[in-house]
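Undergrad: The structure's right below; bear with me while I get my questions together.
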Amino acid sequence: MGDTPMIGCAEEEVLNGCRQGYAWAWDELHRRYRPTAASFLRKLGVLECDLDDCTQDTFLELYRHLAGFRNDATFKTWFYRICVSQARRTRRRVQAAQALQDTSASMSIHPLVSVPSFTEERALQSIHDASGQLPPSLRVPFVLFEVQGLSGKSIAAMLRCPESTVWRRLHVARRAVTEVFLGDRPGP
């Protein structure tokens with residue numbers, strides 16, 4: 001099997017071509033499985049607006065891990081497991097983005113500070129700026145706990161991490177937000 005395209009060849013030949021790095025094999029694999037991936041991801045709850053990115057991420061994962069595929073299961077079963085993982089990641093990313101968007105909207109509605117020398121508008125902007133500087137791994141638990149009022153246990157379940165990790169991330173996030181927030185505060 002050389003570097004020449006073998007359209008219509010057996011799945012095992014295509015997979016071997018992919019493992020050997022042949023572009024024609026990756027094109028053929030993508031041609032065969034992209035519709036399957038898109039349909040399955042849609043059924044797993046991936047929204048149309050996220051479907052192309054999620055499908056592409058699925059094929060990136062496939063590219064990264066195909067060398068480790070040991071044929072313990074059929075390729076299609078293994079491919080479906082990758083789709084399930086990507087759908088879960090996409091849903092989590094969408095939930096986190098929605099939580100941040102909801103937080104941003106609620107921050108502009110509810111008054112947070114009533115100190116005359118430090119206006120509410122400036123406080124909201126400082127909190128928004130401070131939380132915006134956090135990496136997502138810190139920002140999401142911070143917003144979910146401090147703004148949305150979720151418990152550490154709920155956040156741990158949502159993020160699929162130990163509760164102790166949530167508390168550690170909250171500690172780091174609070175410290176970072178406090179530093180930025182107090183750094184912007186006018187002196188006495």
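How things are named: the first chain in the structure tokens is A, the next is B, and so on; residues count from 1 in each chain; ligands count from 1 in the order shown.
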For Gly152 (chain A), list every protein, DNA or RNA residue within 12 Å, evaluated using only C-alpha atoms, and leave out those in the same chain fewer than 4 positions away; present the list as number ranges by chain.

TA: A: 140-146, 148, 156-171

Undergrad: Might you pull out every residue within 10 Å of Leu134 (chain A), with only C-alpha atoms counted and same-chain residues fewer than 2 positions away left off, and present them as a ChimeraX atom specification?

TA: /A:129-132,136-140,142,172-174,176-177

Undergrad: Could you pull out the helix (DSSP H, G or I) residues of region 38-141 of chain A, going by DSSP on the backbone, and write them as a tab-separated table (two decimals) with N, CA and C atoms, in the first residue's frame?

TA:
```
chain	number	residue	atom	x	y	z
A	38	ALA	N	-21.07	13.62	13.08
A	38	ALA	CA	-21.98	14.76	13.20
A	38	ALA	C	-23.37	14.31	13.66
A	39	SER	N	-23.85	13.23	13.08
A	39	SER	CA	-25.18	12.72	13.45
A	39	SER	C	-25.20	12.26	14.91
A	40	PHE	N	-24.19	11.53	15.31
A	40	PHE	CA	-24.13	11.02	16.68
A	40	PHE	C	-23.98	12.16	17.68
A	41	LEU	N	-23.11	13.12	17.39
A	41	LEU	CA	-22.91	14.26	18.28
A	41	LEU	C	-24.20	15.06	18.44
A	42	ARG	N	-24.93	15.21	17.35
A	42	ARG	CA	-26.21	15.92	17.41
A	42	ARG	C	-27.17	15.18	18.35
A	43	LYS	N	-27.18	13.85	18.25
A	43	LYS	CA	-28.05	13.04	19.11
A	43	LYS	C	-27.62	13.10	20.57
A	48	GLU	N	-26.41	22.80	17.14
A	48	GLU	CA	-25.98	23.02	15.74
A	48	GLU	C	-24.85	24.04	15.65
A	49	CYS	N	-24.91	25.08	16.47
A	49	CYS	CA	-23.88	26.13	16.41
A	49	CYS	C	-22.51	25.62	16.88
A	50	ASP	N	-22.49	24.53	17.62
A	50	ASP	CA	-21.23	23.95	18.12
A	50	ASP	C	-20.83	22.68	17.38
A	51	LEU	N	-21.68	22.21	16.48
A	51	LEU	CA	-21.50	20.89	15.86
A	51	LEU	C	-20.22	20.79	15.03
A	52	ASP	N	-19.95	21.77	14.19
A	52	ASP	CA	-18.74	21.70	13.35
A	52	ASP	C	-17.47	21.66	14.20
A	53	ASP	N	-17.40	22.51	15.21
A	53	ASP	CA	-16.21	22.53	16.08
A	53	ASP	C	-16.06	21.22	16.84
A	54	CYS	N	-17.17	20.70	17.35
A	54	CYS	CA	-17.12	19.46	18.10
A	54	CYS	C	-16.71	18.29	17.20
A	55	THR	N	-17.23	18.28	15.98
A	55	THR	CA	-16.85	17.22	15.02
A	55	THR	C	-15.37	17.32	14.72
A	56	GLN	N	-14.88	18.53	14.50
A	56	GLN	CA	-13.45	18.72	14.23
A	56	GLN	C	-12.61	18.28	15.42
A	57	ASP	N	-13.04	18.62	16.62
A	57	ASP	CA	-12.31	18.21	17.83
A	57	ASP	C	-12.29	16.68	17.96
A	58	THR	N	-13.37	16.04	17.54
A	58	THR	CA	-13.43	14.58	17.57
A	58	THR	C	-12.35	13.99	16.67
A	59	PHE	N	-12.20	14.55	15.48
A	59	PHE	CA	-11.18	14.04	14.57
A	59	PHE	C	-9.76	14.39	15.04
A	60	LEU	N	-9.62	15.50	15.73
A	60	LEU	CA	-8.30	15.82	16.31
A	60	LEU	C	-7.93	14.79	17.38
A	61	GLU	N	-8.90	14.43	18.22
A	61	GLU	CA	-8.65	13.39	19.23
A	61	GLU	C	-8.33	12.06	18.57
A	62	LEU	N	-9.06	11.76	17.52
A	62	LEU	CA	-8.81	10.53	16.78
A	62	LEU	C	-7.38	10.53	16.24
A	63	TYR	N	-6.97	11.65	15.69
A	63	TYR	CA	-5.61	11.78	15.14
A	63	TYR	C	-4.56	11.57	16.25
A	64	ARG	N	-4.81	12.17	17.41
A	64	ARG	CA	-3.86	12.07	18.52
A	64	ARG	C	-3.73	10.64	19.06
A	65	HIS	N	-4.83	9.90	19.03
A	65	HIS	CA	-4.85	8.62	19.75
A	65	HIS	C	-4.95	7.38	18.86
A	66	LEU	N	-4.98	7.55	17.54
A	66	LEU	CA	-5.14	6.38	16.67
A	66	LEU	C	-4.00	5.39	16.83
A	67	ALA	N	-2.80	5.86	17.04
A	67	ALA	CA	-1.66	4.95	17.21
A	67	ALA	C	-1.87	4.03	18.41
A	68	GLY	N	-2.61	4.49	19.42
A	68	GLY	CA	-2.86	3.69	20.61
A	68	GLY	C	-4.06	2.75	20.50
A	75	PHE	N	-13.37	-0.52	15.53
A	75	PHE	CA	-12.99	0.88	15.36
A	75	PHE	C	-14.19	1.78	15.60
A	76	LYS	N	-15.35	1.39	15.08
A	76	LYS	CA	-16.54	2.24	15.20
A	76	LYS	C	-16.93	2.43	16.67
A	77	THR	N	-16.82	1.39	17.48
A	77	THR	CA	-17.12	1.50	18.90
A	77	THR	C	-16.15	2.46	19.58
A	78	TRP	N	-14.89	2.33	19.26
A	78	TRP	CA	-13.86	3.21	19.82
A	78	TRP	C	-14.11	4.65	19.38
A	79	PHE	N	-14.47	4.83	18.12
A	79	PHE	CA	-14.77	6.15	17.57
A	79	PHE	C	-15.97	6.77	18.30
A	80	TYR	N	-17.01	5.96	18.57
A	80	TYR	CA	-18.17	6.47	19.30
A	80	TYR	C	-17.78	6.93	20.70
A	81	ARG	N	-16.86	6.23	21.35
A	81	ARG	CA	-16.42	6.66	22.69
A	81	ARG	C	-15.74	8.03	22.61
A	82	ILE	N	-14.96	8.26	21.56
A	82	ILE	CA	-14.34	9.57	21.38
A	82	ILE	C	-15.42	10.64	21.19
A	83	CYS	N	-16.45	10.31	20.41
A	83	CYS	CA	-17.56	11.25	20.20
A	83	CYS	C	-18.25	11.58	21.53
A	84	VAL	N	-18.49	10.57	22.36
A	84	VAL	CA	-19.14	10.80	23.66
A	84	VAL	C	-18.30	11.75	24.51
A	85	SER	N	-16.98	11.53	24.54
A	85	SER	CA	-16.09	12.41	25.32
A	85	SER	C	-16.12	13.83	24.80
A	86	GLN	N	-16.09	13.98	23.49
A	86	GLN	CA	-16.10	15.33	22.91
A	86	GLN	C	-17.44	16.02	23.15
A	87	ALA	N	-18.53	15.28	23.06
A	87	ALA	CA	-19.84	15.88	23.32
A	87	ALA	C	-19.91	16.38	24.76
A	88	ARG	N	-19.39	15.59	25.70
A	88	ARG	CA	-19.38	15.98	27.10
A	88	ARG	C	-18.54	17.25	27.29
A	89	ARG	N	-17.37	17.29	26.67
A	89	ARG	CA	-16.52	18.50	26.78
A	89	ARG	C	-17.21	19.72	26.21
A	90	THR	N	-17.87	19.54	25.08
A	90	THR	CA	-18.56	20.67	24.44
A	90	THR	C	-19.70	21.16	25.32
A	91	ARG	N	-20.48	20.23	25.88
A	91	ARG	CA	-21.59	20.65	26.76
A	91	ARG	C	-21.07	21.39	27.98
A	92	ARG	N	-19.97	20.90	28.55
A	92	ARG	CA	-19.38	21.58	29.73
A	92	ARG	C	-18.91	22.98	29.36
A	93	ARG	N	-18.27	23.09	28.19
A	93	ARG	CA	-17.78	24.40	27.74
A	93	ARG	C	-18.96	25.36	27.55
A	94	VAL	N	-20.05	24.88	26.96
A	94	VAL	CA	-21.23	25.71	26.75
A	94	VAL	C	-21.86	26.10	28.09
A	95	GLN	N	-21.94	25.14	29.04
A	95	GLN	CA	-22.50	25.44	30.36
A	95	GLN	C	-21.66	26.49	31.08
A	96	ALA	N	-20.36	26.36	31.00
A	96	ALA	CA	-19.47	27.33	31.66
A	96	ALA	C	-19.62	28.71	31.03
A	97	ALA	N	-19.69	28.75	29.71
A	97	ALA	CA	-19.86	30.04	29.03
A	97	ALA	C	-21.19	30.67	29.40
A	98	GLN	N	-22.24	29.84	29.48
A	98	GLN	CA	-23.56	30.35	29.85
A	98	GLN	C	-23.55	30.87	31.29
A	99	ALA	N	-22.88	30.14	32.18
A	99	ALA	CA	-22.79	30.58	33.57
A	99	ALA	C	-22.09	31.93	33.67
A	100	LEU	N	-21.01	32.09	32.91
A	100	LEU	CA	-20.31	33.36	32.92
A	100	LEU	C	-21.16	34.47	32.33
A	101	GLN	N	-21.89	34.15	31.28
A	101	GLN	CA	-22.76	35.15	30.66
A	101	GLN	C	-23.88	35.54	31.63
A	102	ASP	N	-24.48	34.55	32.29
A	102	ASP	CA	-25.53	34.83	33.27
A	102	ASP	C	-24.99	35.66	34.42
A	103	THR	N	-23.78	35.35	34.86
A	103	THR	CA	-23.15	36.08	35.95
A	103	THR	C	-22.92	37.53	35.55
A	104	SER	N	-22.42	37.70	34.35
A	104	SER	CA	-22.16	39.06	33.87
A	104	SER	C	-23.47	39.86	33.82
A	105	ALA	N	-24.53	39.22	33.36
A	105	ALA	CA	-25.83	39.90	33.28
A	105	ALA	C	-26.36	40.22	34.68
A	106	SER	N	-26.23	39.27	35.62
A	106	SER	CA	-26.76	39.52	36.96
A	106	SER	C	-25.91	40.55	37.71
A	107	MET	N	-24.64	40.64	37.37
A	107	MET	CA	-23.79	41.63	38.04
A	107	MET	C	-24.22	43.04	37.69
A	108	SER	N	-24.76	43.23	36.50
A	108	SER	CA	-25.18	44.57	36.12
A	108	SER	C	-26.56	44.91	36.66
A	109	ILE	N	-27.29	43.93	37.20
A	109	ILE	CA	-28.63	44.17	37.72
A	109	ILE	C	-28.62	44.43	39.22
A	120	GLU	N	-20.78	51.96	42.60
A	120	GLU	CA	-21.21	50.61	42.24
A	120	GLU	C	-20.71	50.24	40.84
A	121	GLU	N	-20.76	51.20	39.94
A	121	GLU	CA	-20.30	50.95	38.58
A	121	GLU	C	-18.82	50.57	38.56
A	122	ARG	N	-18.04	51.28	39.34
A	122	ARG	CA	-16.60	50.99	39.40
A	122	ARG	C	-16.35	49.63	40.05
A	123	ALA	N	-17.13	49.30	41.07
A	123	ALA	CA	-16.98	48.00	41.73
A	123	ALA	C	-17.32	46.87	40.77
A	124	LEU	N	-18.44	47.01	40.04
A	124	LEU	CA	-18.81	45.98	39.07
A	124	LEU	C	-17.73	45.80	38.01
A	125	GLN	N	-17.21	46.93	37.54
A	125	GLN	CA	-16.17	46.85	36.52
A	125	GLN	C	-14.91	46.19	37.07
A	126	SER	N	-14.56	46.51	38.31
A	126	SER	CA	-13.37	45.90	38.93
A	126	SER	C	-13.54	44.40	39.10
A	127	ILE	N	-14.71	43.97	39.56
A	127	ILE	CA	-14.97	42.53	39.73
A	127	ILE	C	-14.97	41.84	38.38
A	128	HIS	N	-15.60	42.46	37.40
A	128	HIS	CA	-15.63	41.88	36.05
A	128	HIS	C	-14.21	41.78	35.49
A	129	ASP	N	-13.42	42.83	35.65
A	129	ASP	CA	-12.03	42.81	35.17
A	129	ASP	C	-11.22	41.75	35.90
A	130	ALA	N	-11.40	41.70	37.20
A	130	ALA	CA	-10.62	40.74	38.00
A	130	ALA	C	-10.98	39.30	37.64
A	131	SER	N	-12.26	38.99	37.55
A	131	SER	CA	-12.65	37.61	37.22
A	131	SER	C	-12.31	37.29	35.78
A	132	GLY	N	-12.30	38.29	34.92
A	132	GLY	CA	-11.93	38.08	33.52
A	132	GLY	C	-10.47	37.72	33.32
A	136	PRO	N	-9.91	29.85	32.95
A	136	PRO	CA	-11.21	29.19	33.11
A	136	PRO	C	-11.26	28.20	34.28
A	137	SER	N	-10.16	27.53	34.57
A	137	SER	CA	-10.16	26.55	35.66
A	137	SER	C	-10.41	27.21	37.01
A	138	LEU	N	-10.11	28.51	37.13
A	138	LEU	CA	-10.38	29.25	38.37
A	138	LEU	C	-11.66	30.09	38.25
A	139	ARG	N	-11.89	30.65	37.06
A	139	ARG	CA	-13.03	31.54	36.86
A	139	ARG	C	-14.36	30.80	37.05
A	140	VAL	N	-14.47	29.60	36.48
A	140	VAL	CA	-15.74	28.88	36.54
A	140	VAL	C	-16.14	28.57	37.98
A	141	PRO	N	-15.28	27.95	38.81
A	141	PRO	CA	-15.71	27.71	40.20
A	141	PRO	C	-15.97	29.01	40.97
```

Undergrad: For CA of Glu11 (chain A) and CA of Asp27 (chain A), quote the distance in Å rounded to one decimal.

TA: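 Taking CA of Glu11 (chain A) and CA of Asp27 (chain A), their separation equals 12.7 Å.
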
Undergrad: In Å, with one decimal, what is the gap from CA of Ala10 (chain A) to CA of Asp72 (chain A)?

TA: 18.2 Å

Undergrad: Suppose you want the space between CA of Leu29 (chain A) and CA of Cys9 (chain A); what is it in Å?

TA: 10.6 Å

Undergrad: Using only C-alpha atoms, can you tell me which of A:Val180, A:Leu15, A:Leu44, A:Ala23 comes closest to Arg70 (chain A)?

TA: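 Looking only at the distances to Arg70 (chain A), the closest residue turns out to be A:Leu15.
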